[in-house]
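Novice: What follows is model06.cif, mmCIF, C-alpha atoms.
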```
data_upload
#
loop_
_atom_site.label_atom_id
_atom_site.label_comp_id
_atom_site.auth_asym_id
_atom_site.auth_seq_id
_atom_site.Cartn_x
_atom_site.Cartn_y
_atom_site.Cartn_z
CA MET A 493 93.20 260.60 6.90
CA LYS A 494 93.47 257.20 8.55
CA ASN A 495 90.26 255.14 8.72
CA LYS A 496 88.30 257.73 6.83
CA GLU A 497 85.55 255.14 6.22
CA LEU A 498 84.62 255.18 9.91
CA TYR A 499 84.91 258.97 10.14
CA ASN A 500 82.51 259.34 7.20
CA HIS A 501 80.09 256.82 8.65
CA PHE A 502 80.01 258.59 12.04
CA ASN A 503 79.25 261.81 10.22
CA GLN A 504 76.28 260.31 8.43
CA TYR A 505 74.57 259.95 11.81
CA THR A 506 76.16 262.53 14.10
CA ASP A 507 78.86 265.17 13.86
CA ILE A 508 82.43 264.39 14.82
CA ASP A 509 85.21 266.78 13.79
CA ARG A 510 88.59 265.63 12.51
CA THR A 511 90.48 266.36 15.73
CA THR A 512 87.98 264.42 17.83
CA PHE A 513 88.10 261.56 15.33
CA LEU A 514 91.88 261.25 15.73
CA GLU A 515 91.29 260.60 19.40
CA ILE A 516 88.39 258.22 18.73
CA ASN A 517 90.50 256.34 16.21
CA SER A 518 92.99 255.34 18.89
CA PHE A 519 90.30 253.12 20.47
CA PHE A 520 90.23 250.91 17.37
CA GLU A 521 92.62 248.33 16.00
CA GLU A 522 92.96 247.95 12.25
CA ILE A 523 92.82 244.40 10.90
CA ASN A 524 93.67 243.55 7.30
CA VAL A 525 92.97 240.05 6.06
CA GLY A 526 92.94 238.09 2.84
CA LYS A 527 89.85 236.15 1.81
CA LYS A 528 88.45 233.15 3.69
CA LYS A 529 90.18 234.05 6.96
CA ILE A 530 88.55 233.45 10.31
CA ILE A 531 88.64 236.74 12.23
CA TYR A 532 86.67 235.70 15.25
CA GLU A 533 85.55 232.40 16.70
CA PRO A 534 83.43 231.01 19.55
CA CYS A 535 84.86 231.88 22.96
CA GLU A 536 83.98 232.23 26.63
CA LYS A 537 83.66 236.00 26.62
CA CYS A 538 82.69 237.86 23.46
CA ASN A 539 85.09 240.76 23.58
CA HIS A 540 85.05 242.34 20.11
CA ILE A 541 82.80 243.88 17.49
CA PHE A 542 84.00 244.96 14.04
CA PHE A 543 83.35 247.80 11.63
CA THR A 544 83.77 246.78 7.99
CA ALA A 545 85.85 249.51 6.34
CA LYS A 546 86.42 247.45 3.20
CA GLY A 547 85.49 244.00 1.99
CA CYS A 548 82.81 241.47 2.75
CA LEU A 549 82.38 239.02 5.64
CA ASN A 550 79.88 236.68 7.20
CA LEU A 551 78.81 235.81 10.73
CA TYR A 552 77.93 232.14 11.11
CA PHE A 553 77.71 229.19 13.45
CA ILE A 554 78.45 225.52 12.82
CA ASP A 555 75.44 223.23 13.14
CA ASP A 556 75.34 219.67 14.48
CA ARG A 557 76.12 218.27 11.03
CA GLY A 558 79.21 220.46 10.76
CA MET A 559 77.62 222.88 8.28
CA GLU A 560 78.37 226.61 8.36
CA ARG A 561 75.05 228.50 8.75
CA THR A 562 75.23 232.20 7.91
CA ILE A 563 73.32 234.59 10.18
CA GLN A 564 74.47 237.82 8.51
CA PHE A 565 76.71 239.37 5.92
CA SER A 566 78.64 242.58 6.35
CA ILE A 567 79.94 244.88 3.64
CA GLU A 568 81.37 248.42 3.78
CA ASN A 569 79.95 250.53 6.63
CA TRP A 570 78.27 247.67 8.48
CA TRP A 571 79.12 246.41 11.93
CA ILE A 572 79.53 242.70 12.54
CA GLY A 573 79.67 240.68 15.75
CA ASP A 574 77.53 238.96 18.38
CA PHE A 575 75.92 242.06 19.86
CA LEU A 576 74.10 240.38 22.74
CA ALA A 577 77.11 238.36 23.92
CA PHE A 578 79.25 241.50 23.52
CA TYR A 579 76.77 243.50 25.62
CA ASN A 580 76.59 240.82 28.32
CA GLN A 581 80.26 239.85 28.08
CA SER A 582 79.07 236.26 27.74
CA PRO A 583 80.11 233.31 25.52
CA THR A 584 79.48 233.45 21.79
CA SER A 585 78.87 230.58 19.35
CA PHE A 586 79.51 232.71 16.30
CA TYR A 587 82.39 232.92 13.86
CA VAL A 588 83.30 235.89 11.66
CA LYS A 589 85.07 235.07 8.38
CA SER A 590 86.17 237.19 5.43
CA ILE A 591 84.55 236.39 2.07
CA GLU A 592 86.81 238.92 0.29
CA ALA A 593 90.08 240.53 1.36
CA SER A 594 88.86 242.95 4.03
CA LYS A 595 89.83 245.83 6.27
CA LEU A 596 88.14 245.83 9.65
CA LEU A 597 88.25 248.18 12.60
CA SER A 598 88.01 246.14 15.77
CA ILE A 599 87.03 247.44 19.20
CA THR A 600 87.20 245.66 22.55
CA TYR A 601 84.43 245.83 25.14
CA ASP A 602 86.52 248.01 27.48
CA ASN A 603 87.39 250.45 24.72
CA TYR A 604 83.77 250.54 23.54
CA GLU A 605 82.59 251.44 27.05
CA LYS A 606 85.31 254.09 27.46
CA LEU A 607 84.56 255.50 24.02
CA LEU A 608 80.87 255.95 24.78
CA GLN A 609 81.68 257.52 28.14
CA LYS A 610 84.11 259.97 26.62
CA PHE A 611 82.20 260.80 23.43
CA PRO A 612 78.47 260.75 24.23
CA LYS A 613 77.67 261.72 20.63
CA LEU A 614 78.60 258.17 19.72
CA GLU A 615 75.70 256.93 21.83
CA SER A 616 73.47 258.53 19.21
CA TYR A 617 75.50 256.99 16.38
CA PHE A 618 75.25 253.49 17.84
CA ARG A 619 71.60 253.99 18.83
CA GLN A 620 70.74 254.71 15.21
CA THR A 621 72.94 251.91 13.87
CA TYR A 622 71.32 249.33 16.16
CA GLN A 623 67.82 250.70 15.63
CA ILE A 624 68.20 250.24 11.87
CA ALA A 625 69.81 246.79 12.23
CA TYR A 626 67.10 245.64 14.64
CA GLY A 627 64.34 246.96 12.38
CA ALA A 628 65.95 245.26 9.38
CA PHE A 629 65.81 241.94 11.27
CA GLN A 630 62.06 242.39 11.90
CA PHE A 631 61.66 242.93 8.18
CA ARG A 632 63.79 239.88 7.35
CA MET A 633 61.69 237.75 9.70
CA MET A 634 58.56 238.90 7.84
CA HIS A 635 60.15 237.83 4.55
CA MET A 636 61.10 234.43 5.98
CA PHE A 637 57.49 233.85 7.01
CA LYS A 638 55.90 235.39 3.94
CA PHE A 639 57.79 233.95 1.03
CA SER A 640 58.25 230.51 -0.45
CA LYS A 641 61.89 229.35 -0.69
CA GLU A 642 62.04 230.38 -4.34
CA GLU A 643 60.53 233.83 -3.69
CA LEU A 644 62.93 234.28 -0.78
CA TYR A 645 65.93 233.71 -3.02
CA PHE A 646 64.79 236.09 -5.76
CA CYS A 647 63.59 238.71 -3.30
CA PHE A 648 67.07 238.69 -1.70
CA THR A 649 68.98 238.87 -4.97
CA ASP A 650 66.67 241.60 -6.32
CA HIS A 651 66.81 243.74 -3.18
CA PHE A 652 70.48 243.24 -2.38
CA PRO A 653 72.34 243.05 -5.70
CA GLN A 654 75.47 244.24 -3.87
CA PHE A 655 75.51 240.91 -2.00
CA SER A 656 74.49 238.60 -4.78
CA GLU A 657 77.31 239.94 -6.94
CA ARG A 658 79.95 239.57 -4.25
CA VAL A 659 78.88 236.55 -2.24
CA PRO A 660 79.20 232.94 -3.50
CA GLN A 661 75.86 231.22 -4.11
CA TYR A 662 76.46 228.57 -1.43
CA LEU A 663 76.72 231.34 1.18
CA ILE A 664 73.54 233.03 -0.02
CA ALA A 665 71.87 229.62 0.26
CA SER A 666 73.25 229.27 3.80
CA TYR A 667 71.94 232.73 4.75
CA LEU A 668 68.45 231.97 3.44
CA GLY A 669 68.28 228.56 5.11
CA LEU A 670 68.31 226.79 1.70
CA THR A 671 70.61 224.08 0.39
CA PRO A 672 73.15 225.00 -2.32
CA GLU A 673 71.54 222.32 -4.51
CA TYR A 674 68.16 223.99 -4.22
CA VAL A 675 69.62 227.37 -5.19
CA SER A 676 71.34 225.83 -8.25
CA GLU A 677 68.04 224.26 -9.23
CA ILE A 678 65.97 227.47 -9.11
CA ARG A 679 68.71 229.42 -10.88
CA ALA A 680 68.79 226.81 -13.65
CA LYS A 681 65.00 226.97 -13.93
CA VAL A 682 65.12 230.74 -14.50
CA ARG A 683 67.89 230.46 -17.09
CA SER A 684 66.07 227.77 -19.07
CA MET B 712 54.45 258.38 40.58
CA LYS B 713 52.84 258.22 37.16
CA ASN B 714 54.32 255.70 34.70
CA LYS B 715 56.78 254.41 37.27
CA GLU B 716 57.41 251.35 35.05
CA LEU B 717 59.17 253.50 32.46
CA TYR B 718 61.05 255.49 35.11
CA ASN B 719 62.36 252.25 36.61
CA HIS B 720 63.32 250.89 33.21
CA PHE B 721 65.25 254.03 32.29
CA ASN B 722 67.11 253.74 35.57
CA GLN B 723 68.19 250.17 34.84
CA TYR B 724 70.27 251.52 31.94
CA THR B 725 71.01 255.16 32.75
CA ASP B 726 70.23 257.62 35.54
CA ILE B 727 67.21 259.89 35.32
CA ASP B 728 66.03 261.71 38.44
CA ARG B 729 62.36 262.11 39.36
CA THR B 730 62.12 265.77 38.33
CA THR B 731 63.62 265.07 34.91
CA PHE B 732 61.31 262.08 34.50
CA LEU B 733 58.24 264.28 35.04
CA GLU B 734 59.34 266.31 32.05
CA ILE B 735 60.19 263.21 29.98
CA ASN B 736 56.82 261.72 30.82
CA SER B 737 55.02 264.55 29.07
CA PHE B 738 56.39 263.27 25.73
CA PHE B 739 54.40 260.03 26.11
CA GLU B 740 50.74 259.21 25.79
CA GLU B 741 49.25 256.53 28.02
CA ILE B 742 47.08 253.94 26.29
CA ASN B 743 44.98 251.44 28.23
CA VAL B 744 43.28 248.65 26.32
CA GLY B 745 41.39 245.46 26.97
CA LYS B 746 42.53 242.21 25.43
CA LYS B 747 42.52 241.47 21.67
CA LYS B 748 42.50 245.15 20.70
CA ILE B 749 44.40 246.41 17.67
CA ILE B 750 46.61 249.28 18.84
CA TYR B 751 48.44 249.93 15.61
CA GLU B 752 47.94 248.91 12.00
CA PRO B 753 49.63 249.20 8.59
CA CYS B 754 49.88 252.80 7.44
CA GLU B 755 51.75 255.10 5.08
CA LYS B 756 54.04 256.57 7.72
CA CYS B 757 54.98 254.60 10.80
CA ASN B 758 54.66 257.25 13.46
CA HIS B 759 54.63 255.44 16.83
CA ILE B 760 56.54 253.00 18.99
CA PHE B 761 55.26 251.67 22.31
CA PHE B 762 56.65 250.82 25.72
CA THR B 763 54.78 247.98 27.44
CA ALA B 764 54.16 249.12 31.01
CA LYS B 765 51.74 246.28 31.71
CA GLY B 766 50.29 243.39 29.75
CA CYS B 767 51.26 241.39 26.72
CA LEU B 768 51.07 242.15 23.00
CA ASN B 769 52.19 240.88 19.64
CA LEU B 770 53.55 242.48 16.47
CA TYR B 771 52.36 240.66 13.33
CA PHE B 772 51.57 240.95 9.65
CA ILE B 773 48.82 239.27 7.62
CA ASP B 774 50.05 236.88 4.96
CA ASP B 775 48.56 236.22 1.52
CA ARG B 776 46.25 233.57 2.92
CA GLY B 777 44.90 236.02 5.51
CA MET B 778 46.81 234.41 8.41
CA GLU B 779 48.27 236.50 11.24
CA ARG B 780 52.04 235.83 11.45
CA THR B 781 53.68 236.93 14.70
CA ILE B 782 57.09 238.57 14.46
CA GLN B 783 57.47 239.41 18.14
CA PHE B 784 55.83 239.44 21.54
CA SER B 785 56.15 242.20 24.08
CA ILE B 786 55.64 241.97 27.83
CA GLU B 787 56.46 244.38 30.65
CA ASN B 788 59.49 246.61 29.96
CA TRP B 789 59.77 245.76 26.27
CA TRP B 790 59.35 248.14 23.39
CA ILE B 791 57.18 247.17 20.44
CA GLY B 792 56.84 248.66 16.96
CA ASP B 793 58.31 248.63 13.46
CA PHE B 794 61.67 250.19 14.29
CA LEU B 795 63.00 250.54 10.75
CA ALA B 796 59.83 252.13 9.35
CA PHE B 797 59.70 254.38 12.44
CA TYR B 798 63.33 255.41 11.87
CA ASN B 799 62.76 256.08 8.16
CA GLN B 800 59.24 257.47 8.61
CA SER B 801 58.16 255.01 5.94
CA PRO B 802 55.13 252.69 5.52
CA THR B 803 54.70 249.74 7.85
CA SER B 804 52.98 246.40 7.18
CA PHE B 805 52.81 245.49 10.87
CA TYR B 806 49.96 245.40 13.34
CA VAL B 807 50.27 245.60 17.13
CA LYS B 808 47.51 243.86 19.12
CA SER B 809 47.00 243.25 22.83
CA ILE B 810 46.93 239.63 23.98
CA GLU B 811 46.03 240.66 27.55
CA ALA B 812 44.57 243.91 28.91
CA SER B 813 47.59 246.23 28.60
CA LYS B 814 48.98 249.62 29.50
CA LEU B 815 51.24 251.13 26.86
CA LEU B 816 53.22 254.34 26.68
CA SER B 817 53.16 255.58 23.13
CA ILE B 818 55.56 258.08 21.58
CA THR B 819 55.37 259.79 18.20
CA TYR B 820 58.34 260.24 15.91
CA ASP B 821 58.51 264.00 16.53
CA ASN B 822 58.39 263.55 20.29
CA TYR B 823 61.02 260.80 20.15
CA GLU B 824 63.38 263.07 18.21
CA LYS B 825 62.75 266.00 20.58
CA LEU B 826 63.18 263.74 23.60
CA LEU B 827 66.58 262.49 22.44
CA GLN B 828 67.68 266.04 21.63
CA LYS B 829 66.66 267.33 25.02
CA PHE B 830 67.78 264.37 27.15
CA PRO B 831 70.94 262.90 25.60
CA LYS B 832 71.14 260.32 28.40
CA LEU B 833 68.22 258.60 26.68
CA GLU B 834 70.44 258.01 23.64
CA SER B 835 72.37 255.62 25.87
CA TYR B 836 69.15 254.00 27.14
CA PHE B 837 67.85 253.38 23.62
CA ARG B 838 71.29 252.35 22.34
CA GLN B 839 71.40 249.60 24.96
CA THR B 840 67.78 248.60 24.41
CA TYR B 841 68.28 248.23 20.64
CA GLN B 842 71.68 246.57 21.02
CA ILE B 843 70.10 243.87 23.21
CA ALA B 844 67.05 243.48 20.94
CA TYR B 845 69.24 243.24 17.84
CA GLY B 846 71.54 240.70 19.47
CA ALA B 847 68.53 238.67 20.62
CA PHE B 848 67.35 238.50 16.99
CA GLN B 849 70.77 237.13 15.90
CA PHE B 850 70.36 234.47 18.58
CA ARG B 851 66.79 233.70 17.47
CA MET B 852 67.94 233.32 13.88
CA MET B 853 70.55 230.78 15.05
CA HIS B 854 67.82 228.81 16.81
CA MET B 855 65.61 228.87 13.73
CA PHE B 856 68.44 227.40 11.66
CA LYS B 857 69.71 225.02 14.33
CA PHE B 858 66.62 223.31 15.65
CA SER B 859 64.00 221.01 14.24
CA LYS B 860 60.43 222.29 14.55
CA GLU B 861 59.87 220.22 17.67
CA GLU B 862 63.11 221.36 19.31
CA LEU B 863 62.24 224.96 18.43
CA TYR B 864 58.94 224.71 20.27
CA PHE B 865 60.39 223.16 23.42
CA CYS B 866 63.41 225.44 23.39
CA PHE B 867 61.08 228.46 23.31
CA THR B 868 58.76 227.22 26.04
CA ASP B 869 61.72 226.19 28.26
CA HIS B 870 63.60 229.46 27.81
CA PHE B 871 60.64 231.82 27.93
CA PRO B 872 58.16 230.35 30.42
CA GLN B 873 56.82 233.89 30.94
CA PHE B 874 55.49 233.79 27.38
CA SER B 875 54.30 230.24 27.21
CA GLU B 876 52.20 230.78 30.34
CA ARG B 877 50.61 233.99 29.07
CA VAL B 878 50.37 233.54 25.33
CA PRO B 879 47.83 231.20 23.65
CA GLN B 880 49.39 228.24 21.89
CA TYR B 881 48.20 229.31 18.42
CA LEU B 882 50.20 232.54 18.80
CA ILE B 883 53.31 230.70 19.92
CA ALA B 884 52.88 228.50 16.84
CA SER B 885 52.54 231.64 14.70
CA TYR B 886 55.72 233.13 16.23
CA LEU B 887 57.72 229.96 15.57
CA GLY B 888 56.46 229.58 12.01
CA LEU B 889 54.57 226.38 12.92
CA THR B 890 50.92 225.49 12.43
CA PRO B 891 48.67 225.33 15.51
CA GLU B 892 47.89 221.70 14.55
CA TYR B 893 51.58 220.81 14.65
CA VAL B 894 51.97 222.38 18.11
CA SER B 895 48.94 220.44 19.41
CA GLU B 896 50.46 217.28 18.01
CA ILE B 897 53.88 217.63 19.68
CA ARG B 898 52.26 218.68 22.97
CA ALA B 899 50.03 215.60 22.85
CA LYS B 900 53.07 213.40 22.13
CA VAL B 901 54.85 214.69 25.24
CA ARG B 902 51.79 214.19 27.46
CA SER B 903 51.25 210.62 26.25
#
```
Transcribe the structure of this file into C-alpha cells.
Specialist:
Amino acid sequence: MKNKELYNHFNQYTDIDRTTFLEINSFFEEINVGKKKIIYEPCEKCNHIFFTAKGCLNLYFIDDRGMERTIQFSIENWWIGDFLAFYNQSPTSFYVKSIEASKLLSITYDNYEKLLQKFPKLESYFRQTYQIAYGAFQFRMMHMFKFSKEELYFCFTDHFPQFSERVPQYLIASYLGLTPEYVSEIRAKVRS
Amino acid sequence: MKNKELYNHFNQYTDIDRTTFLEINSFFEEINVGKKKIIYEPCEKCNHIFFTAKGCLNLYFIDDRGMERTIQFSIENWWIGDFLAFYNQSPTSFYVKSIEASKLLSITYDNYEKLLQKFPKLESYFRQTYQIAYGAFQFRMMHMFKFSKEELYFCFTDHFPQFSERVPQYLIASYLGLTPEYVSEIRAKVRS
C-alpha cells in the first residue's frame, strides 16, 4: 500500500478504509529528499503543509544575525508547516529543512480544503492533531518559564530521547533558545 | 437568544442554525464570576475547557518561587484551558483566573465528546480554532526568539492593544517572561 504511514496515522484518530484512502492519497504529493535539503522557504502565500512519513526535519526562521532559530522538529507521523499562514493564506517567514533523508507527503491549501469537504471524517483527524499540538505548545511554554537553561536541556533530552538521538546538538540548542557553546559546556559538566 | 456569543462564533467558522444551537447549548454550563476569581485549578484529571463569552482571563501555573506565570490570556471568543491534558484526560498544572468580571461557557470532557459525535460540523469549528491557536503559538515562539525583552514588550502592546488596555502590566510582564520591575523601567524610559 502506498503511503501506508499516513493511512495508519489517520486510523489512529478516525476510521478510513483502504478504498477511501486511495482516493484521499491522490490529494497528496510525495516528496523524497536527502539530508540538509530546504523543502520550503519564506514566501508571499503559505501554500503547503507536510506530513512526515519518514525522517526528521525542522521548521525555523533566520534571525537578524543570520542564525537559524528552530521553532519545531518533526519526525514520523508529525505534521510540519506554518499553520496560521497556511490557514490565512498569508506570507510565511519559516523554512522547513530535512535533518535526515526524509519522505514527506505534501498538500496544497486547495487540496486540503477539498479534502476536508469531501471527507468530513478528516475534520476530526485534524481537530485532534491540532488540539494535541496546541496543548503541547502550552506545555512547552510552561517549561520555558519554569526551568533554568540547564534544566531545560536535560528535561528535553530526558523526555524526548527520540530527538536527542537523531538531532545534532546545535539544533537542539537552537530549539531551546541556547547557544551551541552553552550546550557543549553543560554536557561536558555532566560527563566530568 | 441565550449564549448568542457562542452561536455567533460557531457561525464564523461553520453553519449552525438556531434550533440546532438550542440543543448544542444544553451541553454547556454558564459560569459568571467577578474579577480575580479562580475558575479552574490543578487537578488529577483535566475535565473542562471554557469559551470566553465576556470578560478577560488568564491561564497560568505557579513556579517554584510561588510566582504566577501566565501562559495565555483569553478575551471574548477565545477558548481557554489545558488542551493536551483535556484531550488525554490527564493531570493539569494550570489555573484559570478572571482578570475582569467574566461570563464563561464551560464544557466537560464527556459532553465535548458527545457534542462532536452528535454535531460533526463542530469538528470543523474546533479544527479551525485549534489550527489558528497552534499557528499563533508558532508565531509567538518566533517572537520570543527574535526580539530583545524591550522589543517583545512593545511588539505585544502594539499588536494586541485589546490586551494591553485591559490587562494589568504585571500580568503582561508575566506573560512575556519579564519582571514587573523591568516593564516599569522600559515604560518609564519611553515616557521620559
Novice: So how far away is CA of Asn769 (chain B) from CA of Ile810 (chain B), in Å?
Specialist: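 Separation of CA of Ile810 (chain B) and CA of Asn769 (chain B): 6.9 Å.
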Novice: Can you tell me, as a short mmCIF file (atom, residue, chain, number, x, y, z; two decimals) with C-alpha atoms, keeping the file's coordinate frame, what residues are no more than 10 Å from Tyr662 (chain A) when counting only C-alpha atoms, ignoring any on the same chain fewer than 6 positions away?
Specialist:
```cif
data_model
loop_
_atom_site.label_atom_id
_atom_site.label_comp_id
_atom_site.auth_asym_id
_atom_site.auth_seq_id
_atom_site.Cartn_x
_atom_site.Cartn_y
_atom_site.Cartn_z
CA LEU A 668 68.45 231.97 3.44
CA LEU A 670 68.31 226.79 1.70
CA THR A 671 70.61 224.08 0.39
CA PRO A 672 73.15 225.00 -2.32
CA GLU A 673 71.54 222.32 -4.51
CA TYR A 674 68.16 223.99 -4.22
CA VAL A 675 69.62 227.37 -5.19
CA SER A 676 71.34 225.83 -8.25
#
```
Novice: Taking only residues of chain A that have an atom at most 10 Å from an atom of chain B, what is each one's shortest atom pair and its distance in Å to one decimal, using all atoms listed in the file, in chain and number order, as CSV?
Specialist:
```
residue,atom,partner,partner_atom,distance
A:Leu551,CA,B:Gln849,CA,9.6
A:Tyr552,CA,B:Met853,CA,8.5
A:Phe553,CA,B:Met853,CA,7.5
A:Ile554,CA,B:Lys857,CA,8.9
A:Asp555,CA,B:Lys857,CA,6.1
A:Asp556,CA,B:Lys857,CA,7.8
A:Arg557,CA,B:Lys857,CA,9.9
A:Arg561,CA,B:Phe856,CA,7.3
A:Thr562,CA,B:Met853,CA,8.7
A:Ile563,CA,B:Met852,CA,6.7
A:Gln564,CA,B:Gln849,CA,8.3
A:Gly573,CA,B:Gly846,CA,8.9
A:Asp574,CA,B:Gly846,CA,6.3
A:Phe575,CA,B:Gly846,CA,4.6
A:Leu576,CA,B:Gly846,CA,4.2
A:Ala577,CA,B:Gly846,CA,7.5
A:Phe578,CA,B:Gly846,CA,8.7
A:Tyr579,CA,B:Ile843,CA,7.1
A:Asn580,CA,B:Ile843,CA,8.8
A:Thr584,CA,B:Phe850,CA,9.7
A:Ser585,CA,B:Met853,CA,9.4
A:Phe586,CA,B:Met853,CA,9.3
A:Leu608,CA,B:Ser835,CA,8.6
A:Gln609,CA,B:Ser835,CA,9.8
A:Pro612,CA,B:Pro831,CA,7.9
A:Lys613,CA,B:Pro831,CA,8.4
A:Leu614,CA,B:Glu834,CA,9.1
A:Glu615,CA,B:Ser835,CA,5.4
A:Ser616,CA,B:Glu834,CA,5.4
A:Tyr617,CA,B:Arg838,CA,8.6
A:Phe618,CA,B:Arg838,CA,6.1
A:Arg619,CA,B:Arg838,CA,3.9
A:Gln620,CA,B:Arg838,CA,7.5
A:Thr621,CA,B:Arg838,CA,8.6
A:Tyr622,CA,B:Tyr841,CA,5.5
A:Gln623,CA,B:Tyr841,CA,5.6
A:Ile624,CA,B:Leu795,CA,5.3
A:Ala625,CA,B:Tyr845,CA,6.7
A:Tyr626,CA,B:Tyr845,CA,4.5
A:Gly627,CA,B:Leu795,CA,4.2
A:Ala628,CA,B:Leu795,CA,6.2
A:Phe629,CA,B:Phe848,CA,6.9
A:Gln630,CA,B:Ile782,CA,6.8
A:Phe631,CA,B:Leu795,CA,8.1
A:Arg632,CA,B:Ile782,CA,9.9
A:Met633,CA,B:Ile782,CA,6.7
A:Met634,CA,B:Ile782,CA,6.8
A:Met636,CA,B:Gly888,CA,9.0
A:Phe637,CA,B:Gly888,CA,6.7
A:Lys638,CA,B:Asp774,CA,6.1
A:Phe639,CA,B:Asp774,CA,9.2
A:Ser666,CA,B:Phe856,CA,9.4
A:Tyr667,CA,B:Phe856,CA,9.4
A:Leu668,CA,B:Phe856,CA,9.4
A:Gly669,CA,B:Phe856,CA,6.7
A:Leu670,CA,B:Phe856,CA,10.0
```
Novice: Write a file of the just-selected residues containing C-alpha atoms, as a compact mmCIF listing (two decimals), keeping the file's coordinate frame.
Specialist:
```
# COMPACT_ATOMS: atom_id res chain seq x y z
CA LEU A 551 78.81 235.81 10.73
CA TYR A 552 77.93 232.14 11.11
CA PHE A 553 77.71 229.19 13.45
CA ILE A 554 78.45 225.52 12.82
CA ASP A 555 75.44 223.23 13.14
CA ASP A 556 75.34 219.67 14.48
CA ARG A 557 76.12 218.27 11.03
CA ARG A 561 75.05 228.50 8.75
CA THR A 562 75.23 232.20 7.91
CA ILE A 563 73.32 234.59 10.18
CA GLN A 564 74.47 237.82 8.51
CA GLY A 573 79.67 240.68 15.75
CA ASP A 574 77.53 238.96 18.38
CA PHE A 575 75.92 242.06 19.86
CA LEU A 576 74.10 240.38 22.74
CA ALA A 577 77.11 238.36 23.92
CA PHE A 578 79.25 241.50 23.52
CA TYR A 579 76.77 243.50 25.62
CA ASN A 580 76.59 240.82 28.32
CA THR A 584 79.48 233.45 21.79
CA SER A 585 78.87 230.58 19.35
CA PHE A 586 79.51 232.71 16.30
CA LEU A 608 80.87 255.95 24.78
CA GLN A 609 81.68 257.52 28.14
CA PRO A 612 78.47 260.75 24.23
CA LYS A 613 77.67 261.72 20.63
CA LEU A 614 78.60 258.17 19.72
CA GLU A 615 75.70 256.93 21.83
CA SER A 616 73.47 258.53 19.21
CA TYR A 617 75.50 256.99 16.38
CA PHE A 618 75.25 253.49 17.84
CA ARG A 619 71.60 253.99 18.83
CA GLN A 620 70.74 254.71 15.21
CA THR A 621 72.94 251.91 13.87
CA TYR A 622 71.32 249.33 16.16
CA GLN A 623 67.82 250.70 15.63
CA ILE A 624 68.20 250.24 11.87
CA ALA A 625 69.81 246.79 12.23
CA TYR A 626 67.10 245.64 14.64
CA GLY A 627 64.34 246.96 12.38
CA ALA A 628 65.95 245.26 9.38
CA PHE A 629 65.81 241.94 11.27
CA GLN A 630 62.06 242.39 11.90
CA PHE A 631 61.66 242.93 8.18
CA ARG A 632 63.79 239.88 7.35
CA MET A 633 61.69 237.75 9.70
CA MET A 634 58.56 238.90 7.84
CA MET A 636 61.10 234.43 5.98
CA PHE A 637 57.49 233.85 7.01
CA LYS A 638 55.90 235.39 3.94
CA PHE A 639 57.79 233.95 1.03
CA SER A 666 73.25 229.27 3.80
CA TYR A 667 71.94 232.73 4.75
CA LEU A 668 68.45 231.97 3.44
CA GLY A 669 68.28 228.56 5.11
CA LEU A 670 68.31 226.79 1.70
```
Novice: Translate the PyMOL selection byres ((chain A and resi 495) around 10), as applied to the file shown, into an explicit residue set as an MDAnalysis selection string.
Specialist: chainID A and resid 493:494 496:500 513:514 517 520 522 545 595:597
Novice: Counting all atoms listed in the file, select every polymer residue within 6 Å of (83.8, 230.8, 13.6) as defined in the file's coordinates, and provide the selection as a PyMOL selection string.
Specialist: chain A and resi 532-534+586-588
Novice: In Å, how far is it from CA of Glu657 (chain A) to CA of Gln504 (chain A)?
Specialist: 25.5 Å
Novice: Got a sec: who's within 7 Å of Lys527 (chain A), counting all atoms listed in the file, leaving out chain neighbours fewer than 2 positions off, as a list of chain:residue names?
Specialist: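 My list of contacting residues is A:Val525, A:Lys529, A:Ser590, A:Ile591, A:Glu592, A:Ala593.
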Novice: Translate the PyMOL selection byres ((chain A and resi 583) around 6) into a concrete residue list for this structure, as a PyMOL selection string.
Specialist: chain A and resi 535-538+582+584
Novice: Can you translate the PyMOL selection byres ((chain B and resi 869-874) around 12) into the concrete residues it hits in this file, as an NGL selection string?
Specialist: :B and (766-769 or 783-787 or 810-811 or 851 or 854 or 862-868 or 875-880 or 882-883 or 886)
Novice: CA of Lys747 (chain B) and CA of Phe721 (chain B) are how many Å apart?
Specialist: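 Interatomic distance here is 28.1 Å.
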Novice: Find, counting only C-alpha atoms, the residue in B:Asp728, B:Ala884, B:Arg902, B:Ser817 that gets nearest to Met778 (chain B).
Specialist: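 Using only C-alpha atoms, Met778 (chain B) sits closest to B:Ala884.
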Novice: Determine, counting only C-alpha atoms, every residue of protein, DNA or RNA that lies within 9 Å of (58.5, 263.4, 22.5) in the file coordinates, then give the result as a short mmCIF file (atom, residue, chain, number, x, y, z; two decimals) with C-alpha atoms, in the coordinates of the input.
Specialist:
```
data_model
loop_
_atom_site.label_atom_id
_atom_site.label_comp_id
_atom_site.auth_asym_id
_atom_site.auth_seq_id
_atom_site.Cartn_x
_atom_site.Cartn_y
_atom_site.Cartn_z
CA ILE B 735 60.19 263.21 29.98
CA ASN B 736 56.82 261.72 30.82
CA SER B 737 55.02 264.55 29.07
CA PHE B 738 56.39 263.27 25.73
CA PHE B 739 54.40 260.03 26.11
CA ILE B 818 55.56 258.08 21.58
CA THR B 819 55.37 259.79 18.20
CA TYR B 820 58.34 260.24 15.91
CA ASP B 821 58.51 264.00 16.53
CA ASN B 822 58.39 263.55 20.29
CA TYR B 823 61.02 260.80 20.15
CA GLU B 824 63.38 263.07 18.21
CA LYS B 825 62.75 266.00 20.58
CA LEU B 826 63.18 263.74 23.60
CA LEU B 827 66.58 262.49 22.44
#
```
